[in-house]
Every structure is written in structure tokens, then in C-alpha cells.
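**Q** Provided herewith: target.txt, compact mmCIF, C-alpha atoms.
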# COMPACT_ATOMS: atom_id res chain seq x y z
CA MET A 1 0.00 0.00 0.00
CA VAL A 2 2.87 2.36 0.82
CA GLN A 3 4.61 1.56 -2.49
CA LEU A 4 1.45 2.34 -4.45
CA SER A 5 1.17 5.67 -2.63
CA VAL A 6 4.80 6.58 -3.43
CA MET A 7 4.31 5.55 -7.07
CA THR A 8 1.12 7.60 -7.31
CA ASN A 9 2.86 10.63 -5.82
CA ARG A 10 5.69 10.33 -8.36
CA ILE A 11 3.22 10.12 -11.24
CA ILE A 12 1.37 13.18 -9.95
CA MET A 13 4.65 15.12 -9.51
CA ILE A 14 5.82 14.21 -13.04
CA GLY A 15 2.45 15.27 -14.44
CA CYS A 16 2.57 18.59 -12.59
CA LEU A 17 6.15 19.23 -13.69
CA GLY A 18 5.23 18.50 -17.31
CA GLY A 19 2.26 20.83 -17.08
CA ALA A 20 4.38 23.59 -15.56
CA LEU A 21 7.04 23.23 -18.25
CA GLY A 22 4.38 23.26 -20.94
CA ALA A 23 3.00 26.49 -19.55
CA CYS A 24 6.45 28.08 -19.82
CA THR A 25 6.89 27.20 -23.49
CA PRO A 26 6.34 30.38 -25.54
CA SER A 27 3.64 30.30 -28.16
CA MET A 28 4.72 31.12 -31.72
CA THR A 29 1.51 33.00 -32.48
CA THR A 30 -1.24 34.64 -30.53
CA ALA A 31 -4.78 34.51 -31.85
CA PRO A 32 -5.81 37.99 -32.94
CA ASP A 33 -9.00 39.53 -31.64
CA ALA A 34 -12.13 39.36 -33.80
CA VAL A 35 -11.92 42.97 -35.05
CA SER A 36 -8.31 42.69 -36.20
CA GLU A 37 -8.80 39.28 -37.76
CA THR A 38 -11.23 40.68 -40.31
CA PHE A 39 -8.96 43.64 -41.18
CA GLN A 40 -12.10 45.69 -41.88
CA PRO A 41 -11.98 49.38 -40.93
CA ASN A 42 -15.02 51.05 -39.43
CA PRO A 43 -17.37 52.56 -42.03
CA GLY A 44 -15.96 55.76 -43.51
CA ALA A 45 -12.53 55.19 -41.91
CA GLY A 46 -9.23 53.61 -42.80
CA ALA A 47 -7.36 51.24 -40.47
CA ILE A 48 -3.72 51.80 -39.60
CA TYR A 49 -1.81 48.96 -37.95
CA VAL A 50 1.43 49.93 -36.21
CA VAL A 51 3.46 46.74 -35.74
CA ARG A 52 6.60 46.41 -33.60
CA GLY A 53 9.21 44.36 -35.42
CA LEU A 54 11.30 41.48 -34.16
CA ASP A 55 14.26 43.73 -33.49
CA PRO A 56 17.21 43.11 -31.12
CA VAL A 57 15.69 45.15 -28.26
CA PHE A 58 13.91 42.61 -26.05
CA LEU A 59 12.99 44.63 -22.97
CA GLY A 60 12.36 48.14 -24.27
CA GLY A 61 9.03 49.39 -25.50
CA ALA A 62 8.70 51.66 -28.53
CA SER A 63 6.94 54.97 -27.88
CA VAL A 64 4.93 55.78 -31.00
CA THR A 65 2.60 58.68 -31.73
CA LEU A 66 -0.06 59.08 -34.38
CA ASP A 67 -0.81 62.72 -35.18
CA GLY A 68 0.80 63.67 -31.86
CA GLN A 69 -1.33 61.27 -29.79
CA ALA A 70 0.56 58.53 -27.93
CA LEU A 71 -0.20 54.92 -28.80
CA PRO A 72 0.35 52.16 -26.22
CA SER A 73 4.02 51.26 -25.80
CA LEU A 74 4.87 48.49 -28.26
CA MET A 75 7.02 45.59 -27.13
CA ARG A 76 8.48 43.10 -29.63
CA ASN A 77 5.75 41.57 -31.81
CA ASP A 78 3.00 43.85 -30.39
CA TYR A 79 0.72 45.88 -32.61
CA ALA A 80 -1.81 48.66 -32.27
CA ARG A 81 -4.79 49.26 -34.56
CA VAL A 82 -6.18 52.73 -35.15
CA ASP A 83 -9.33 53.47 -37.13
CA ALA A 84 -8.35 56.79 -38.68
CA SER A 85 -10.30 59.45 -40.51
CA PRO A 86 -9.60 59.67 -44.26
CA GLY A 87 -6.45 61.59 -45.15
CA GLU A 88 -2.78 61.68 -44.23
CA HIS A 89 -1.57 60.86 -40.74
CA ARG A 90 1.89 61.35 -39.23
CA ILE A 91 3.42 58.48 -37.29
CA ALA A 92 6.49 59.24 -35.20
CA CYS A 93 8.89 57.27 -33.03
CA GLY A 94 11.87 59.09 -31.59
CA GLU A 95 13.57 61.00 -34.41
CA ALA A 96 11.84 58.93 -37.12
CA ASP A 97 8.54 59.88 -38.67
CA THR A 98 6.50 58.97 -41.71
CA VAL A 99 3.19 59.88 -43.30
CA VAL A 100 0.55 57.23 -43.88
CA ARG A 101 -2.57 57.73 -45.95
CA ALA A 102 -5.81 56.33 -44.57
CA ASP A 103 -8.44 55.91 -47.27
CA PRO A 104 -11.97 54.77 -46.40
CA GLY A 105 -12.17 50.99 -46.32
CA GLN A 106 -8.38 50.60 -46.78
CA VAL A 107 -5.75 49.18 -44.44
CA ALA A 108 -2.17 50.44 -43.98
CA PHE A 109 0.67 48.78 -42.05
CA VAL A 110 3.70 50.47 -40.48
CA GLU A 111 6.55 48.56 -38.83
CA VAL A 112 8.48 50.03 -35.92
CA LEU A 113 12.00 48.76 -35.29
CA LEU A 114 14.30 49.67 -32.41
CA GLN A 115 18.02 49.48 -33.12
CA VAL A 116 20.68 49.51 -30.45
CA GLY A 117 23.22 52.30 -30.75
CA ALA A 118 26.38 53.10 -28.82
CA LEU A 119 24.59 55.06 -26.08
CA SER A 120 20.89 54.58 -26.80
CA SER A 121 18.35 52.88 -29.01
CA ARG A 122 17.11 54.39 -32.26
CA CYS A 123 13.70 53.96 -33.85
CA THR A 124 13.04 53.38 -37.55
CA LEU A 125 9.70 53.18 -39.36
CA ARG A 126 8.84 51.46 -42.62
CA LEU A 127 5.68 50.78 -44.54
CA LEU A 128 4.71 47.14 -45.01
CA ASP A 129 2.77 45.78 -47.96
CA GLU A 130 -0.59 44.24 -47.18
CA PRO A 131 0.39 40.52 -47.28
CA ASN A 132 3.38 41.08 -44.97
CA GLY A 133 1.41 43.42 -42.71
CA ARG A 134 -1.44 40.95 -42.29
CA GLN A 135 1.01 38.15 -41.55
CA ARG A 136 2.72 40.24 -38.86
CA VAL A 137 -0.61 41.18 -37.24
CA VAL A 138 -1.84 37.58 -37.15
CA ALA A 139 1.48 36.48 -35.56
CA GLY A 140 1.49 39.38 -33.09
CA LYS A 141 -0.34 40.50 -29.98
CA ARG A 142 -2.67 43.50 -29.87
CA VAL A 143 -2.07 46.15 -27.19
Starting from the file, give its structure as C-alpha cells.
**A**
Amino acid sequence: MVQLSVMTNRIIMIGCLGGALGACTPSMTTAPDAVSETFQPNPGAGAIYVVRGLDPVFLGGASVTLDGQALPSLMRNDYARVDASPGEHRIACGEADTVVRADPGQVAFVEVLLQVGALSSRCTLRLLDEPNGRQRVVAGKRV
């Protein structure tokens, strides 16, 4: 009876350890929320996705603004979606900035990359085409 109890305890401990290790394994993709998955802007608006790239800066968040308004800080593989009024919109991160056009019913994607410099990190922005932008959003996590 004692041996069965010890054996049962070992099986339970191995199961718990396996479950704990499985919980620590990072997921390759995160399911996007229902609004982002459709990639449909609100009526009369354009959607702008600002996607943080898989750059070498693991711990730092990117501070991005859209038309002077702060977006949530973007960690690696995060993205933010903004339903924007039609027209041009300025996206800035540090010294970098770019203009993105939001047309009604259209989607635009901008990638933010942080690069490590000698004394600080530097931000760069680049436009992504729609297939690459969609792929990055589906693989990322919305903030």
C-alpha cells in the first residue's frame, strides 16, 4: 500500500512538472481579436496597424505617436490598430517619422524597429505591404 502511494505521488509530480514546463513554453503566435482578424476598418474610416518588429531590443518598448497622440508602448511583436479618418496621418517614433494615408475601407501597415546604438536605441519606421502586414498582425499581440 505504501509503495502504491509513493508511485502515485511520483506520477502526480511528473504530471505537474510536465504541465508547468508546458505552460512556460512560448507560443509562436497569438490569436488575434475578432476585429483585427477581419482587417475591416469602421465605415468611412481607414485602419492603420502599427506593428513592432522582431528587433534586437527585447525589454524596451517603442513609444509611438499618431498625429501627436501617444499609442500604447509596443514591445516586440506587439501591434496597435487605429481606425483613422480619411487623409494623411503622421506616425512618429523618436527622431523617425513617416506619413501614412488612410483611405476609407483601406488598411495600412507600419513597422516600428528599435536598433541599439552606442549610447541609446534608435527607432526606424517602414511601410509594409498588405500581405506582410497581415502576416505580422496575425502572428502578433494587440495592445
**Q** Taking (9.0, 49.2, -28.9) as a centre in this file's frame and 6 Å as the limit, can you find every polymer residue with an atom that close, using only C-alpha atoms, and give them as a list of chain:residue names?
**A**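 The residues near that point, listed by chain and number, are A:Arg52, A:Gly60, A:Gly61, A:Ala62, A:Leu74, A:Met75.
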**Q** Residues as selected, C-alpha atoms, written as a compact mmCIF listing (two decimals), in the frame of the given file, can you do that?
**A**
# COMPACT_ATOMS: atom_id res chain seq x y z
CA ARG A 52 6.60 46.41 -33.60
CA GLY A 60 12.36 48.14 -24.27
CA GLY A 61 9.03 49.39 -25.50
CA ALA A 62 8.70 51.66 -28.53
CA LEU A 74 4.87 48.49 -28.26
CA MET A 75 7.02 45.59 -27.13
**Q** What separation in Å, quoted to one decimal, exists between atom CA of A:Val82 and atom CA of A:Tyr49?
**A**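 For atom CA of A:Val82 relative to atom CA of A:Tyr49, the distance reads 6.4 Å.
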**Q** Using all atoms listed in the file, which residue out of A:Val137, A:Ile48, A:Val143, A:Leu54 lies closest to A:Glu88?
**A** A:Ile48
**Q** Rounded to one decimal place, report the atom CA of A:Phe39-atom CA of A:Arg122 distance in Å.
**A**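 Between atom CA of A:Phe39 and atom CA of A:Arg122 the gap works out to 29.6 Å.
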**Q** Looking at A:Val64, A:Val112, A:Val107, A:Leu125, which one is nearest to A:Arg76, with distances taken over all atoms listed in the file?
**A**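 Looking only at the distances to A:Arg76, the closest residue turns out to be A:Val112.
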**Q** Pick from A:Glu111, A:Thr124, A:Ala118, A:Arg81: nearest to A:Glu95, with only C-alpha atoms counted?
**A**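 Of A:Glu111, A:Thr124, A:Ala118, A:Arg81, the one nearest A:Glu95 is A:Thr124, counting only C-alpha atoms.
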**Q** Please determine the residues with any atom at most 12 Å from (17.3, 41.1, -31.7) (coordinates as given in the file, with all atoms listed in the file counting) and report them as a ChimeraX atom specification.
**A** /A:53-60,76-77,113-116
**Q** Can you measure atom CA of A:Asp78 to atom CA of A:Gly140 for me? One decimal in Å is fine.
**A**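 Those two atoms sit 5.4 Å apart.
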**Q** Excluding A:Gln106 and its own-chain neighbours fewer than 2 positions away, which residues fall within 10 Å of it when counting only C-alpha atoms? Please give them as a list in words.
**A** Phe39, Gln40, Pro41, Asn42, Gly44, Ala45, Gly46, Ala47, Ile48, Pro86, Arg101, Ala102, Asp103, Pro104 and Ala108 of chain A
**Q** Compare A:Gly94, A:Ser73, A:Tyr79, A:Arg136 by their minimum atom-to-atom distance to A:Ser120, counting all atoms listed in the file, and give me the closest one.
**A**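 The shortest atom-to-atom distance to A:Ser120 comes from A:Gly94.
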